[in-house]
file final.txt (compact mmCIF, C-alpha atoms)
# COMPACT_ATOMS: atom_id res chain seq x y z
CA MET A 1 -148.55 -61.14 241.42
CA SER A 2 -146.35 -58.22 242.42
CA GLY A 3 -143.43 -60.65 242.41
CA PHE A 4 -144.27 -61.38 238.78
CA ALA A 5 -144.46 -57.69 237.86
CA ASP A 6 -141.22 -56.98 239.75
CA ASN A 7 -139.43 -59.77 237.94
CA LEU A 8 -140.63 -58.51 234.56
CA LEU A 9 -139.46 -54.98 235.40
CA HIS A 10 -136.08 -56.29 236.56
CA LEU A 11 -135.79 -58.14 233.26
CA LEU A 12 -136.70 -55.09 231.20
CA TRP A 13 -134.37 -52.76 233.13
CA THR A 14 -131.45 -55.22 233.21
CA PHE A 15 -131.46 -55.86 229.47
CA ALA A 16 -132.07 -52.20 228.60
CA GLN A 17 -128.95 -51.31 230.60
CA LEU A 18 -126.99 -54.11 228.94
CA SER A 19 -128.17 -52.85 225.56
CA VAL A 20 -126.83 -49.34 226.20
CA LEU A 21 -123.61 -50.83 227.52
CA GLY A 22 -123.26 -53.15 224.55
CA PHE A 23 -123.38 -50.27 222.12
CA GLY A 24 -120.96 -51.08 219.35
CA GLY A 25 -121.24 -54.83 219.75
CA GLY A 26 -122.51 -57.42 222.15
CA LYS A 27 -119.39 -59.36 223.07
CA GLY A 28 -118.07 -57.07 225.79
CA ILE A 29 -121.23 -57.23 227.90
CA ILE A 30 -121.17 -61.02 228.47
CA PRO A 31 -119.49 -60.72 231.94
CA GLN A 32 -122.06 -58.14 233.06
CA MET A 33 -124.98 -60.18 231.69
CA HIS A 34 -123.61 -63.24 233.49
CA TYR A 35 -123.44 -61.28 236.74
CA ASP A 36 -127.01 -59.98 236.36
CA ALA A 37 -128.65 -63.20 235.15
CA VAL A 38 -126.70 -65.78 237.19
CA THR A 39 -125.42 -64.11 240.36
CA ARG A 40 -127.79 -61.23 240.99
CA TYR A 41 -131.25 -62.43 239.91
CA GLN A 42 -130.52 -66.16 239.55
CA TRP A 43 -132.68 -66.51 236.47
CA VAL A 44 -130.33 -69.16 235.04
CA THR A 45 -127.35 -71.25 236.18
CA SER A 46 -123.82 -70.66 234.90
CA GLN A 47 -124.10 -73.81 232.80
CA GLN A 48 -127.43 -72.77 231.28
CA PHE A 49 -125.97 -69.35 230.52
CA THR A 50 -123.20 -70.89 228.43
CA GLN A 51 -125.63 -73.31 226.75
CA PHE A 52 -127.99 -70.47 225.84
CA TYR A 53 -125.09 -68.45 224.45
CA THR A 54 -124.16 -71.42 222.26
CA ILE A 55 -127.71 -71.80 220.97
CA GLY A 56 -127.53 -68.08 220.12
CA LYS A 57 -124.45 -68.85 218.01
CA LEU A 58 -126.26 -71.71 216.29
CA VAL A 59 -129.30 -69.81 215.03
CA PRO A 60 -128.98 -67.25 212.21
CA GLY A 61 -128.87 -63.57 213.07
CA PRO A 62 -127.22 -61.81 216.01
CA THR A 63 -125.79 -63.91 218.89
CA THR A 64 -127.10 -61.47 221.54
CA ILE A 65 -130.57 -62.84 220.70
CA PHE A 66 -129.80 -65.43 223.39
CA ALA A 67 -131.16 -62.73 225.72
CA ALA A 68 -134.53 -64.16 224.59
CA LEU A 69 -133.70 -67.52 226.19
CA VAL A 70 -132.60 -65.87 229.44
CA GLY A 71 -135.93 -63.98 229.43
CA TYR A 72 -137.75 -67.21 228.63
CA ALA A 73 -136.23 -68.86 231.72
CA ALA A 74 -136.58 -65.75 233.91
CA ILE A 75 -140.40 -65.62 233.81
CA PRO A 76 -141.48 -69.22 234.41
CA GLY A 77 -145.20 -68.31 234.46
CA ARG A 78 -145.17 -66.51 231.09
CA PRO A 79 -141.98 -67.58 229.27
CA LEU A 80 -143.01 -66.15 225.88
CA LEU A 81 -143.63 -62.76 227.46
CA GLY A 82 -140.22 -62.96 229.16
CA ALA A 83 -138.51 -63.79 225.86
CA THR A 84 -140.23 -60.90 224.06
CA VAL A 85 -139.51 -58.35 226.79
CA ALA A 86 -135.83 -59.36 227.00
CA THR A 87 -135.44 -59.16 223.21
CA ILE A 88 -137.03 -55.72 222.90
CA ALA A 89 -135.00 -54.40 225.85
CA MET A 90 -131.82 -55.87 224.35
CA PHE A 91 -132.17 -54.43 220.85
CA VAL A 92 -134.16 -51.19 220.93
CA PRO A 93 -131.88 -48.91 223.04
CA SER A 94 -128.63 -49.89 221.29
CA SER A 95 -130.27 -49.45 217.88
CA ALA A 96 -131.50 -45.96 218.75
CA ILE A 97 -128.02 -44.99 219.98
CA MET A 98 -126.46 -46.45 216.84
CA VAL A 99 -128.61 -44.28 214.57
CA ALA A 100 -127.74 -41.18 216.60
CA PHE A 101 -124.06 -42.15 216.70
CA ASP A 102 -123.98 -42.58 212.93
CA ALA A 103 -125.24 -39.02 212.45
CA LEU A 104 -122.54 -37.68 214.80
CA TRP A 105 -119.91 -39.84 213.13
CA VAL A 106 -120.72 -38.37 209.74
CA ARG A 107 -120.84 -34.83 211.15
CA PHE A 108 -117.43 -35.05 212.84
CA GLN A 109 -115.79 -36.78 209.91
CA ALA A 110 -112.81 -34.42 209.92
CA SER A 111 -112.19 -34.32 213.69
CA PRO A 112 -109.05 -36.09 214.97
CA TRP A 113 -111.01 -37.05 218.09
CA ARG A 114 -113.07 -39.46 216.02
CA VAL A 115 -110.04 -41.67 215.54
CA ILE A 116 -108.71 -41.13 219.07
CA ILE A 117 -111.96 -42.11 220.79
CA ALA A 118 -112.20 -45.24 218.67
CA GLN A 119 -108.51 -45.99 219.33
CA GLY A 120 -109.02 -45.52 223.07
CA LEU A 121 -112.17 -47.63 223.34
CA ALA A 122 -110.73 -50.48 221.27
CA PRO A 123 -108.32 -51.92 223.91
CA ALA A 124 -111.00 -51.62 226.64
CA ILE A 125 -113.43 -53.59 224.45
CA VAL A 126 -110.80 -56.20 223.55
CA GLY A 127 -110.13 -56.63 227.29
CA LEU A 128 -113.86 -57.10 227.93
CA VAL A 129 -114.10 -59.71 225.17
CA TRP A 130 -111.26 -61.65 226.82
CA SER A 131 -113.25 -61.55 230.08
CA SER A 132 -116.22 -62.87 228.06
CA VAL A 133 -114.10 -65.90 227.08
CA TRP A 134 -113.66 -66.70 230.79
CA THR A 135 -117.32 -66.06 231.52
CA ILE A 136 -118.43 -68.51 228.83
CA ALA A 137 -115.74 -71.03 229.88
CA ARG A 138 -117.19 -71.10 233.42
CA GLY A 139 -120.23 -72.97 232.11
CA VAL A 140 -118.15 -75.68 230.42
CA ALA A 141 -117.93 -79.19 231.95
CA VAL A 142 -114.68 -79.82 233.83
CA SER A 143 -113.15 -82.45 231.56
CA TRP A 144 -110.11 -82.66 229.32
CA VAL A 145 -112.35 -83.56 226.35
CA ALA A 146 -114.20 -80.24 226.73
CA TYR A 147 -110.93 -78.30 226.98
CA ALA A 148 -109.60 -80.12 223.92
CA VAL A 149 -112.77 -79.30 221.96
CA ALA A 150 -112.45 -75.62 222.93
CA ALA A 151 -108.79 -75.53 221.85
CA VAL A 152 -109.43 -77.37 218.56
CA VAL A 153 -112.40 -75.13 217.69
CA THR A 154 -110.27 -72.02 218.35
CA VAL A 155 -107.58 -73.23 215.95
CA LEU A 156 -110.05 -74.44 213.28
CA MET A 157 -111.91 -71.13 213.43
CA LEU A 158 -108.69 -69.15 212.95
CA ARG A 159 -107.02 -71.42 210.40
CA THR A 160 -109.82 -72.89 208.28
CA LYS A 161 -112.96 -71.69 206.56
CA LEU A 162 -115.26 -74.11 208.40
CA SER A 163 -118.48 -72.32 209.33
CA THR A 164 -119.62 -71.74 212.91
CA PRO A 165 -122.74 -74.01 212.82
CA VAL A 166 -120.67 -76.88 211.41
CA LEU A 167 -118.13 -76.53 214.24
CA ILE A 168 -120.90 -76.32 216.86
CA LEU A 169 -122.74 -79.38 215.52
CA LEU A 170 -119.53 -81.43 215.28
CA SER A 171 -118.71 -80.48 218.87
CA GLY A 172 -122.19 -81.61 219.90
CA VAL A 173 -121.46 -85.00 218.31
CA VAL A 174 -118.14 -85.17 220.19
CA GLY A 175 -120.06 -84.33 223.36
CA VAL A 176 -122.54 -87.18 222.83
CA ALA A 177 -119.70 -89.59 222.04
CA ALA A 178 -117.31 -88.63 224.83
CA LEU A 179 -119.03 -86.67 227.59
CA ARG A 180 -121.97 -88.92 228.48
CA MET M 1 -131.18 -38.87 209.88
CA ALA M 2 -130.21 -40.42 206.58
CA GLU M 3 -127.82 -38.52 204.39
CA ALA M 4 -128.67 -36.58 201.28
CA THR M 5 -127.34 -39.25 198.94
CA ALA M 6 -129.49 -41.87 200.57
CA ALA M 7 -132.48 -39.50 200.53
CA ALA M 8 -132.19 -39.26 196.78
CA LYS M 9 -132.22 -43.03 196.57
CA SER M 10 -135.09 -43.54 198.98
CA LYS M 11 -137.61 -43.24 196.14
CA THR M 12 -136.35 -46.43 194.57
CA VAL M 13 -136.26 -48.60 197.71
CA SER M 14 -139.71 -49.67 198.87
CA THR M 15 -140.13 -50.28 202.60
CA LEU M 16 -141.66 -53.68 201.98
CA GLU M 17 -138.73 -54.75 199.82
CA LEU M 18 -136.28 -53.39 202.41
CA PHE M 19 -137.96 -55.37 205.17
CA GLY M 20 -138.00 -58.49 202.99
CA VAL M 21 -134.27 -58.26 202.31
CA PHE M 22 -133.34 -57.87 205.99
CA LEU M 23 -135.77 -60.61 206.98
CA GLN M 24 -134.04 -62.90 204.51
CA ILE M 25 -130.59 -62.02 205.86
CA GLY M 26 -131.85 -62.52 209.43
CA ALA M 27 -133.15 -65.96 208.52
CA THR M 28 -130.12 -67.20 206.56
CA SER M 29 -127.01 -65.58 208.04
CA PHE M 30 -125.77 -68.62 209.91
CA GLY M 31 -122.65 -68.44 212.00
CA GLY M 32 -121.65 -64.82 211.93
CA GLY M 33 -120.02 -63.32 208.87
CA VAL M 34 -123.19 -61.30 208.40
CA VAL M 35 -121.15 -58.53 206.78
CA ALA M 36 -120.66 -60.77 203.74
CA TYR M 37 -124.40 -61.47 203.59
CA LEU M 38 -125.17 -57.76 203.83
CA ARG M 39 -122.72 -56.91 201.06
CA ASN M 40 -124.16 -59.60 198.81
CA ALA M 41 -127.72 -58.39 199.29
CA LEU M 42 -127.27 -54.61 199.40
CA VAL M 43 -124.36 -54.05 197.01
CA LYS M 44 -124.32 -57.00 194.59
CA ASN M 45 -127.97 -57.99 194.20
CA LYS M 46 -129.98 -54.86 194.92
CA HIS M 47 -127.43 -52.12 194.09
CA TRP M 48 -128.87 -50.03 196.94
CA LEU M 49 -125.39 -49.08 198.12
CA ASP M 50 -122.16 -48.88 196.17
CA ASP M 51 -118.92 -50.33 197.48
CA THR M 52 -117.67 -46.97 198.78
CA GLU M 53 -120.81 -46.45 200.87
CA PHE M 54 -120.63 -49.99 202.14
CA LEU M 55 -116.96 -49.55 203.10
CA GLU M 56 -117.90 -46.44 205.07
CA LEU M 57 -120.34 -48.56 207.11
CA ASN M 58 -117.67 -51.21 207.43
CA SER M 59 -115.06 -48.69 208.63
CA LEU M 60 -117.41 -47.78 211.48
CA SER M 61 -117.56 -51.44 212.40
CA ASN M 62 -113.78 -51.71 212.21
CA THR M 63 -113.18 -48.80 214.55
CA LEU M 64 -115.65 -50.21 217.08
CA PRO M 65 -114.35 -53.75 217.43
CA GLY M 66 -117.07 -56.32 217.77
CA LEU M 67 -119.80 -54.18 216.25
CA ASN M 68 -122.59 -56.62 215.69
CA ALA M 69 -124.41 -57.39 212.50
CA THR M 70 -127.66 -55.89 213.70
CA ASN M 71 -125.98 -52.52 214.13
CA MET M 72 -124.55 -52.76 210.60
CA ALA M 73 -128.01 -53.60 209.29
CA ILE M 74 -129.56 -50.70 211.21
CA LEU M 75 -127.02 -48.27 209.75
CA ALA M 76 -127.74 -49.56 206.25
CA GLY M 77 -131.50 -49.30 206.85
CA ASP M 78 -131.06 -45.77 208.20
CA ARG M 79 -129.12 -44.65 205.16
CA LEU M 80 -131.63 -46.19 202.75
CA ARG M 81 -134.96 -45.16 204.30
CA GLY M 82 -134.19 -43.10 207.40
CA THR M 83 -135.52 -44.04 210.83
CA LEU M 84 -138.30 -46.26 209.42
CA GLY M 85 -135.66 -48.15 207.44
CA ALA M 86 -133.56 -48.61 210.58
CA VAL M 87 -136.56 -49.96 212.52
CA LEU M 88 -137.51 -52.36 209.72
CA ALA M 89 -133.90 -53.55 209.40
CA MET M 90 -133.76 -54.27 213.13
CA ILE M 91 -137.05 -56.19 213.17
CA GLY M 92 -136.10 -58.10 210.03
CA MET M 93 -132.74 -59.14 211.46
CA CYS M 94 -134.12 -60.19 214.86
CA LEU M 95 -137.49 -61.77 214.08
CA PRO M 96 -136.31 -65.11 212.60
CA ALA M 97 -133.75 -65.50 215.40
CA LEU M 98 -136.36 -64.66 218.06
CA ILE M 99 -138.76 -67.29 216.69
CA LEU M 100 -135.99 -69.91 216.50
CA MET M 101 -134.77 -69.03 220.01
CA THR M 102 -138.28 -69.37 221.42
CA ALA M 103 -138.59 -72.76 219.73
CA ALA M 104 -135.20 -73.67 221.22
CA GLY M 105 -136.46 -72.55 224.63
CA ILE M 106 -139.52 -74.79 224.38
CA ALA M 107 -137.40 -77.74 223.18
CA TYR M 108 -134.88 -77.10 225.97
CA GLY M 109 -137.63 -76.98 228.58
CA MET M 110 -138.90 -80.36 227.41
CA ASN M 111 -135.59 -82.13 226.78
CA GLY M 112 -132.92 -80.22 228.72
CA ASN M 113 -132.66 -82.95 231.37
CA ARG M 114 -132.15 -85.89 229.03
CA PRO M 115 -128.58 -87.25 229.38
CA ILE M 116 -127.97 -87.29 225.61
CA VAL M 117 -129.05 -83.62 225.31
CA THR M 118 -126.89 -82.66 228.30
CA ALA M 119 -123.90 -84.42 226.73
CA ALA M 120 -124.43 -82.68 223.37
CA LEU M 121 -124.75 -79.31 225.15
CA HIS M 122 -121.50 -79.97 227.02
CA GLY M 123 -119.83 -80.40 223.64
CA VAL M 124 -121.33 -77.29 222.10
CA ALA M 125 -120.57 -75.21 225.21
CA ALA M 126 -116.90 -76.09 224.77
CA ALA M 127 -117.20 -75.07 221.11
CA ALA M 128 -118.70 -71.71 222.13
CA THR M 129 -115.65 -71.03 224.30
CA GLY M 130 -113.41 -71.80 221.33
CA LEU M 131 -115.45 -69.55 219.03
CA ILE M 132 -115.31 -66.52 221.30
CA ALA M 133 -111.60 -67.13 221.94
CA ALA M 134 -111.05 -67.10 218.16
CA THR M 135 -113.02 -63.85 217.87
CA TRP M 136 -110.84 -62.39 220.59
CA PHE M 137 -107.68 -63.32 218.67
CA GLN M 138 -109.06 -61.77 215.50
CA ILE M 139 -110.09 -58.41 216.94
CA GLY M 140 -107.11 -58.38 219.33
CA LYS M 141 -104.70 -58.71 216.41
CA LYS M 142 -106.30 -55.70 214.74
CA THR M 143 -106.15 -53.63 217.91
CA VAL M 144 -102.73 -54.27 219.47
CA LYS M 145 -100.34 -51.96 217.71
CA GLY M 146 -98.10 -51.02 220.60
CA PHE M 147 -97.28 -51.22 224.28
CA TRP M 148 -100.16 -49.01 225.41
CA ASP M 149 -102.81 -51.04 223.59
CA ALA M 150 -101.62 -54.20 225.35
CA PHE M 151 -101.41 -52.30 228.65
CA PHE M 152 -105.03 -51.09 228.45
CA ILE M 153 -106.30 -54.53 227.39
CA LEU M 154 -104.59 -56.02 230.45
CA ALA M 155 -106.05 -53.26 232.65
CA ALA M 156 -109.59 -54.06 231.42
CA VAL M 157 -109.13 -57.83 231.99
CA LEU M 158 -107.74 -57.30 235.51
CA GLY M 159 -110.53 -54.84 236.30
CA ILE M 160 -113.25 -57.40 235.50
CA ASN M 161 -111.67 -60.72 236.50
CA HIS M 162 -109.41 -59.76 239.41
CA PHE M 163 -110.91 -56.63 240.94
CA LYS M 164 -114.51 -57.67 240.09
CA LEU M 165 -115.39 -54.22 238.77
CA SER M 166 -118.55 -53.86 236.71
CA VAL M 167 -118.40 -53.53 232.92
CA PRO M 168 -119.48 -49.84 232.83
CA VAL M 169 -116.81 -48.89 235.37
CA VAL M 170 -114.12 -50.65 233.35
CA LEU M 171 -115.32 -49.31 230.02
CA LEU M 172 -115.44 -45.70 231.28
CA SER M 173 -112.22 -45.73 233.30
CA VAL M 174 -110.00 -47.72 230.93
CA GLY M 175 -111.61 -46.04 227.92
CA ALA M 176 -111.04 -42.57 229.40
CA LEU M 177 -107.42 -43.34 230.32
CA ALA M 178 -106.74 -44.72 226.86
CA ILE M 179 -108.36 -41.74 225.16
CA PHE M 180 -106.18 -39.51 227.37
CA ALA M 181 -103.07 -41.48 226.40
CA TYR M 182 -103.92 -41.18 222.70
CA ARG M 183 -104.92 -37.49 222.87
CA PRO M 184 -103.58 -35.32 220.07
CA VAL M 185 -100.03 -34.30 220.87
CA LYS M 186 -98.03 -31.60 219.17
CA LYS M 187 -96.06 -32.54 216.08
CA THR M 188 -95.64 -36.24 215.45
CA ASP M 189 -94.56 -37.78 218.76
CA ARG M 190 -97.26 -40.42 219.12
CA PRO M 191 -97.70 -42.27 222.45
CA HIS M 192 -96.48 -45.46 220.78
CA GLU M 193 -93.09 -43.93 220.18
CA ASP M 194 -92.97 -42.64 223.73
CA SER M 195 -93.53 -46.15 224.94
CA HIS M 196 -90.55 -47.44 222.97
CA ALA M 197 -88.38 -44.72 224.48
CA TRP M 198 -89.62 -45.76 227.89
CA ILE M 199 -88.80 -49.41 227.25
CA ARG M 200 -85.32 -48.46 226.03
CA PHE M 201 -84.86 -46.40 229.19
CA LEU M 202 -85.67 -49.48 231.30
CA GLN M 203 -83.19 -51.59 229.39
call {"tool": "encode", "arguments": {"input": "final.txt", "output": "C-alpha cells"}}
result
Amino acid sequence: MSGFADNLLHLLWTFAQLSVLGFGGGKGIIPQMHYDAVTRYQWVTSQQFTQFYTIGKLVPGPTTIFAALVGYAAIPGRPLLGATVATIAMFVPSSAIMVAFDALWVRFQASPWRVIIAQGLAPAIVGLVWSSVWTIARGVAVSWVAYAVAAVVTVLMLRTKLSTPVLILLSGVVGVAALR
Amino acid sequence: MAEATAAAKSKTVSTLELFGVFLQIGATSFGGGVVAYLRNALVKNKHWLDDTEFLELNSLSNTLPGLNATNMAILAGDRLRGTLGAVLAMIGMCLPALILMTAAGIAYGMNGNRPIVTAALHGVAAAATGLIAATWFQIGKKTVKGFWDAFFILAAVLGINHFKLSVPVVLLSVGALAIFAYRPVKKTDRPHEDSHAWIRFLQ
C-alpha cells in the first residue's frame, strides 16, 4: 500500500516539476519527461512513450495531455486516478505561473529587458525542441519505411495545408500496410 | 489580475458562456492551430476581444516559442473574467482531451498487443517524429537571426543529447548566457553585428 502511495506521490511531484519547467510551452520538456517516465521510474517503455505522445497529437486540445496516458500506465491498480493526478499536476502549476507572468509582462511593457529575456530564452527553447525530436524518434521502429514516413510528414507539414490528424491517420494506414 | 479594459467587459461575458466556448474549442481543435480556433471564437463570433487585444496575446506566444494553446486560452480567460475565467478556460480546454485520452488508455490496454494495432502505432509514431521536426523548423526559422542564436541552440542540443544534462540545467545556463549576450549595450552595437566582425576577423 505504501508502494502505491509512493508511486502516486512520485507521479504528482514529477509532473508538477515538468509543468513548471514547461512554462511557455510543452515541447521543450519532452526529453526530461522521457527521462523521468522511462529511465527513472520505468512507468512506460520508450516505444509506449512515443505512441502516447502521438495519441496526444491525435486528440483535440493540448498535446501535453498525453501526460494522462503516462499517469494511466504508471498506476496499474488505479489507472483513472493516475491519469487524473498526472493531468492536474501537468496543467495547474504552469497555468498559475502563466497568469502571474501575464501581469508582469503587462507591467514591464516598456522595459528593454522584456525583449532581451525573450530573445535569450528563445534559442535555448529551440535547442530543447530539437532534443525532443530525438527523444520522440527513439520510440520509432528501426525500419526505412518509418524513416521515410517521418521525412515525408515533415515535408508535407511544412509545404502543404494538410491537417495533423489526417497525416497521423494516413501514417497509421502506411504502418498497417508496410510495417506488419 | 485582469486589466481594466477587460474588467469593464466582464459584465457582458457570463462565466457559463465562457466555459462553454473553451469547452467547445477544447473538443474541436484538432491537430494544433488552436490559435486560429481561439481567434474565430473570441474575436469573430463573440467579439469578446478585438484584434489588437488578440494580437497582444499572440505576441506573448511569439516571444515564447512553443507557447501552447492552453496557455493562450488561460490568458484570454484571465483577461475576460480574471482568475475564475483563467481556471474555467483551463478546465474547458483540457476536459475533452482528458476524457478522450482516458478512453484511448482503456482501448490501448485492451488492444495494444494486437499486431495490427502495433503496426498502425509504428506508422503514427513515425508521423509524430515528422510533426515535431516540422514544428522545430517553423519556430527555429523565426528564432535564428544571427550567429549567436545558432550558437545557443547548438549549446542547448549538446547539453541535453551529448552531455546528458537535465532540462532545467540547460534552460537556466544557456538561457542566462544568451540573456547576458543580448544584454543592452550602449548605442547601437548589437551582439549580432559583433558576431559578424568576429567572423570577418577569422577570415
call {"tool": "closest_residue", "arguments": {"input": "final.txt", "among": "M:Glu53, M:Leu95, M:Leu171, M:Trp48", "to": "Leu21 of chain A", "atoms": "all atoms listed in the file"}}
result
M:Leu171
call {"tool": "closest_residue", "arguments": {"input": "final.txt", "among": "A:Leu170, A:Leu128, A:Val70, A:Leu58", "to": "Ser166 of chain M", "atoms": "only C-alpha atoms"}}
result
A:Leu128
call {"tool": "closest_residue", "arguments": {"input": "final.txt", "among": "A:Val166, A:Ala68, A:Leu158, A:Ala100", "to": "Ala86 of chain A", "atoms": "only C-alpha atoms"}}
result
A:Ala68
call {"tool": "atom_distance", "arguments": {"input": "final.txt", "atom1": "atom CA of Thr154 of chain A", "atom2": "atom CA of Leu131 of chain M"}}
result
5.8 Å
call {"tool": "closest_residue", "arguments": {"input": "final.txt", "among": "M:Val185, M:Val13, M:Ile139, M:Leu38", "to": "chain A", "atoms": "all atoms listed in the file"}}
result
M:Ile139
call {"tool": "residues_around", "arguments": {"input": "final.txt", "residues": "Gln138 of chain M", "least_positions_apart": "2", "cutoff": "12 Å", "atoms": "all atoms listed in the file", "output": "number ranges by chain"}}
result
A: 126, 129-130, 154-155, 157-159; M: 62, 65-66, 131-136, 140-144
call {"tool": "residues_around", "arguments": {"input": "final.txt", "residues": "Ala120 of chain M", "least_positions_apart": "4", "cutoff": "6 Å", "atoms": "all atoms listed in the file", "output": "list in words"}}
result
Gly172, Gly175 and Val176 of chain A
call {"tool": "atom_distance", "arguments": {"input": "final.txt", "atom1": "atom CA of Pro76 of chain A", "atom2": "atom CA of Trp134 of chain A"}}
result
28.2 Å
call {"tool": "atom_distance", "arguments": {"input": "final.txt", "atom1": "atom CA of His47 of chain M", "atom2": "atom CA of Phe101 of chain A"}}
result
24.9 Å
